[in-house]
>>> print(open('final28.cif').read())   # mmCIF, C-alpha atoms
data_query
loop_
_atom_site.label_atom_id
_atom_site.label_comp_id
_atom_site.auth_asym_id
_atom_site.auth_seq_id
_atom_site.Cartn_x
_atom_site.Cartn_y
_atom_site.Cartn_z
CA MET O 1 73.19 124.32 82.28
CA LYS O 2 72.33 120.62 82.63
CA HIS O 3 72.83 120.16 78.88
CA LEU O 4 76.28 121.79 79.08
CA MET O 5 77.33 119.54 81.98
CA ILE O 6 76.19 116.41 80.15
CA LYS O 7 78.07 117.50 77.03
CA LEU O 8 81.19 118.22 79.10
CA LEU O 9 81.12 114.93 81.02
CA ARG O 10 79.68 112.47 78.47
CA THR O 11 82.10 110.15 76.73
CA ASP O 12 81.72 107.41 74.15
CA ALA O 13 85.24 106.17 74.86
CA GLY O 14 85.48 102.73 76.38
CA PHE O 15 88.19 101.69 78.80
CA ALA O 16 91.19 103.03 76.83
CA PRO O 17 91.27 106.46 78.53
CA LEU O 18 91.85 104.70 81.85
CA ALA O 19 95.17 103.43 80.48
CA LEU O 20 96.20 107.07 79.96
CA ARG O 21 94.51 108.63 82.99
CA LEU O 22 96.19 106.53 85.67
CA PRO O 23 99.90 106.76 84.77
CA ILE O 24 99.61 110.33 83.48
CA GLY O 25 97.66 111.35 86.59
CA ILE O 26 100.26 109.79 88.89
CA THR O 27 103.06 111.51 86.97
CA PHE O 28 101.37 114.91 87.14
CA MET O 29 100.59 114.53 90.85
CA ALA O 30 104.22 113.66 91.61
CA HIS O 31 105.55 116.64 89.63
CA GLY O 32 103.02 118.95 91.26
CA ALA O 33 103.98 117.63 94.71
CA GLN O 34 107.61 118.48 93.96
CA LYS O 35 106.65 122.06 93.18
CA LEU O 36 104.08 122.56 95.94
CA PHE O 37 105.41 120.53 98.86
CA GLY O 38 109.03 119.73 98.09
CA TRP O 39 108.25 116.00 97.98
CA PHE O 40 110.19 113.50 95.85
CA GLY O 41 113.30 115.68 95.75
CA GLY O 42 111.47 118.84 94.71
CA TYR O 43 112.17 122.36 95.92
CA GLY O 44 108.71 123.35 97.14
CA LEU O 45 107.02 126.64 96.34
CA GLU O 46 109.88 128.88 97.49
CA GLY O 47 112.60 127.09 95.56
CA THR O 48 110.49 126.50 92.47
CA GLY O 49 109.33 130.12 92.57
CA GLN O 50 112.93 131.36 92.72
CA TRP O 51 113.86 129.16 89.78
CA MET O 52 110.86 130.36 87.77
CA THR O 53 111.84 133.97 88.45
CA SER O 54 115.38 133.16 87.28
CA ILE O 55 114.09 132.02 83.88
CA GLY O 56 111.84 135.06 83.50
CA LEU O 57 108.51 133.66 84.68
CA THR O 58 107.38 136.28 87.16
CA PRO O 59 106.12 136.50 89.77
CA GLY O 60 107.90 133.22 90.35
CA TYR O 61 106.04 132.19 93.49
CA LEU O 62 102.66 132.65 91.76
CA MET O 63 103.87 130.81 88.66
CA ALA O 64 105.10 127.92 90.84
CA LEU O 65 101.77 127.86 92.67
CA MET O 66 99.81 127.78 89.41
CA ALA O 67 102.00 125.15 87.74
CA GLY O 68 102.20 122.99 90.87
CA SER O 69 98.47 123.24 91.54
CA SER O 70 97.50 122.42 87.97
CA GLU O 71 99.80 119.40 88.00
CA PHE O 72 98.96 118.09 91.49
CA PHE O 73 95.20 118.65 91.50
CA GLY O 74 94.89 118.00 87.76
CA GLY O 75 96.67 114.68 88.25
CA LEU O 76 94.27 113.79 91.05
CA LEU O 77 91.28 114.61 88.83
CA LEU O 78 92.73 112.47 86.03
CA ILE O 79 93.08 109.51 88.37
CA ILE O 80 89.49 109.66 89.58
CA GLY O 81 88.13 110.65 86.17
CA LEU O 82 86.43 113.91 87.14
CA LEU O 83 86.12 116.93 84.81
CA ILE O 84 88.58 115.31 82.42
CA ARG O 85 88.08 117.60 79.44
CA PRO O 86 88.70 120.94 81.20
CA THR O 87 91.40 119.41 83.40
CA SER O 88 93.18 117.98 80.37
CA ALA O 89 92.99 121.34 78.60
CA VAL O 90 94.64 123.06 81.59
CA LEU O 91 97.32 120.38 81.80
CA ALA O 92 97.96 120.55 78.05
CA PHE O 93 98.47 124.32 78.36
CA THR O 94 100.81 123.76 81.31
CA MET O 95 102.88 121.33 79.24
CA LEU O 96 102.92 123.67 76.26
CA MET O 97 104.27 126.44 78.50
CA ALA O 98 106.91 124.10 79.97
CA ILE O 99 108.02 123.02 76.50
CA VAL O 100 108.24 126.58 75.15
CA THR O 101 109.79 128.29 78.18
CA VAL O 102 112.14 125.58 79.47
CA HIS O 103 112.80 122.69 77.11
CA LEU O 104 112.47 123.74 73.45
CA ASP O 105 115.96 125.21 73.08
CA ASN O 106 117.49 121.97 74.40
CA GLY O 107 116.21 119.83 71.55
CA LEU O 108 114.04 116.74 71.71
CA PHE O 109 115.82 114.36 74.05
CA MET O 110 115.43 114.26 77.82
CA SER O 111 119.14 113.57 78.23
CA ASN O 112 119.69 117.22 77.23
CA ASN O 113 116.69 118.51 79.23
CA GLY O 114 114.75 118.50 75.98
CA TYR O 115 111.02 118.49 75.37
CA GLU O 116 110.39 114.78 74.68
CA PHE O 117 108.74 114.08 78.07
CA GLY O 118 106.67 117.27 77.98
CA LEU O 119 105.59 116.41 74.43
CA ALA O 120 104.42 112.95 75.53
CA LEU O 121 102.41 114.49 78.40
CA LEU O 122 101.00 117.11 76.01
CA ALA O 123 99.88 114.38 73.58
CA ALA O 124 98.25 112.34 76.36
CA THR O 125 96.34 115.31 77.75
CA VAL O 126 95.15 116.42 74.32
CA SER O 127 93.95 112.87 73.68
CA LEU O 128 92.01 112.88 76.96
CA ALA O 129 90.54 116.30 76.22
CA ILE O 130 89.17 114.88 72.96
CA SER O 131 88.05 111.44 74.16
CA GLY O 132 86.80 112.28 77.62
CA ALA O 133 87.26 110.14 80.70
CA GLY O 134 85.91 106.82 79.42
CA LYS O 135 83.66 104.24 81.06
CA LEU O 136 85.49 103.86 84.38
CA SER O 137 85.22 107.45 85.58
CA VAL O 138 83.29 109.78 87.81
CA ASP O 139 82.44 111.84 84.70
CA ASN O 140 80.69 108.86 83.10
CA MET O 141 78.85 108.05 86.33
CA ILE O 142 77.55 111.61 86.66
CA ALA O 143 76.61 111.85 82.97
CA SER O 144 74.72 108.55 83.17
CA LYS O 145 72.72 109.66 86.20
CA THR O 146 71.80 113.07 84.72
CA HIS O 147 70.89 111.75 81.28
#
>>> encode(input="final28.cif", output="structure tokens")
Amino acid sequence: MKHLMIKLLRTDAGFAPLALRLPIGITFMAHGAQKLFGWFGGYGLEGTGQWMTSIGLTPGYLMALMAGSSEFFGGLLLIIGLLIRPTSAVLAFTMLMAIVTVHLDNGLFMSNNGYEFGLALLAATVSLAISGAGKLSVDNMIASKTH
């Protein structure tokens, strides 16, 4: 088990992942807060759940809870650099679902509610899943102490 944790947390990446983790983490937290709490002009769980039901994602409330939680708590984990690989995988899947179910038919550009923003977030999370958290992270601190 210790070997698995070290493999999961260890990273050879330097400081570059921090440049992705912070802005992407803040962005995910804000979007999750819209879905979960209705902050920043969002609709909260009820409103987001109703919208998700309207586009065929049912049960809408549960889907809103899962999407909002992955974004809010995943964003928080990105910021502090904890469990970056599994968190990034969950967030990448969340973005893939958003692209396929909501944005793909609208084309690339955000001006048409397209998938360009979701694609950028997908690319960033895939990159973090591959690289790991980098030097300035809780993951690296834990891996160093257990090694």
>>> resolve_selection(input="final28.cif", expression="the PyMOL selection byres ((chain O and resi 14-25) around 8)", output="mmCIF file with C-alpha atoms, keeping the file's coordinate frame")
data_model
loop_
_atom_site.group_PDB
_atom_site.id
_atom_site.type_symbol
_atom_site.label_atom_id
_atom_site.label_comp_id
_atom_site.auth_asym_id
_atom_site.auth_seq_id
_atom_site.Cartn_x
_atom_site.Cartn_y
_atom_site.Cartn_z
ATOM 1 C CA ASP O 12 81.720 107.410 74.150
ATOM 2 C CA ALA O 13 85.240 106.170 74.860
ATOM 3 C CA ILE O 26 100.260 109.790 88.890
ATOM 4 C CA THR O 27 103.060 111.510 86.970
ATOM 5 C CA PHE O 28 101.370 114.910 87.140
ATOM 6 C CA MET O 29 100.590 114.530 90.850
ATOM 7 C CA GLY O 74 94.890 118.000 87.760
ATOM 8 C CA GLY O 75 96.670 114.680 88.250
ATOM 9 C CA LEU O 76 94.270 113.790 91.050
ATOM 10 C CA LEU O 77 91.280 114.610 88.830
ATOM 11 C CA LEU O 78 92.730 112.470 86.030
ATOM 12 C CA ILE O 79 93.080 109.510 88.370
ATOM 13 C CA GLY O 81 88.130 110.650 86.170
ATOM 14 C CA LEU O 121 102.410 114.490 78.400
ATOM 15 C CA ALA O 124 98.250 112.340 76.360
ATOM 16 C CA LEU O 128 92.010 112.880 76.960
ATOM 17 C CA SER O 131 88.050 111.440 74.160
ATOM 18 C CA GLY O 132 86.800 112.280 77.620
ATOM 19 C CA ALA O 133 87.260 110.140 80.700
ATOM 20 C CA GLY O 134 85.910 106.820 79.420
ATOM 21 C CA LYS O 135 83.660 104.240 81.060
ATOM 22 C CA LEU O 136 85.490 103.860 84.380
#
>>> closest_residue(input="final28.cif", among="O:Thr146, O:Ser70, O:Asn140, O:Thr11", to="Leu36 (chain O)", atoms="all atoms listed in the file")
O:Ser70
>>> resolve_selection(input="final28.cif", expression="the PyMOL selection byres ((chain O and resi 88) around 8)", output="JSON, numbers by chain")
{"O": [74, 78, 84, 85, 86, 87, 89, 90, 91, 92, 125, 126, 128, 129]}
>>> residues_around(input="final28.cif", residues="Leu9 (chain O)", least_positions_apart="3", cutoff="6 Å", atoms="all atoms listed in the file", output="count of residues only")
3
>>> atom_distance(input="final28.cif", atom1="CA of Leu62 (chain O)", atom2="CA of Gly107 (chain O)")
27.5 Å
>>> residues_around(input="final28.cif", residues="Gln50 (chain O)", least_positions_apart="4", cutoff="9 Å", atoms="all atoms listed in the file", output="number ranges by chain")
O: 45-46, 54-55, 60-61, 64
>>> atom_distance(input="final28.cif", atom1="CA of Leu119 (chain O)", atom2="CA of Gly68 (chain O)")
18.0 Å
>>> atom_distance(input="final28.cif", atom1="CA of Asn106 (chain O)", atom2="CA of Gly118 (chain O)")
12.3 Å
>>> residues_around(input="final28.cif", residues="Ile99 (chain O)", least_positions_apart="5", cutoff="9 Å", atoms="all atoms listed in the file", output="list in words")
Thr94, Leu104, Asp105, Gly114, Tyr115, Glu116, Gly118 and Leu119 of chain O
>>> closest_residue(input="final28.cif", among="O:Leu57, O:Met52, O:Ala33, O:Met5", to="Phe72 (chain O)", atoms="all atoms listed in the file")
O:Ala33
>>> closest_residue(input="final28.cif", among="O:Ala67, O:Ile130, O:Leu82, O:Met141", to="His31 (chain O)", atoms="all atoms listed in the file")
O:Ala67
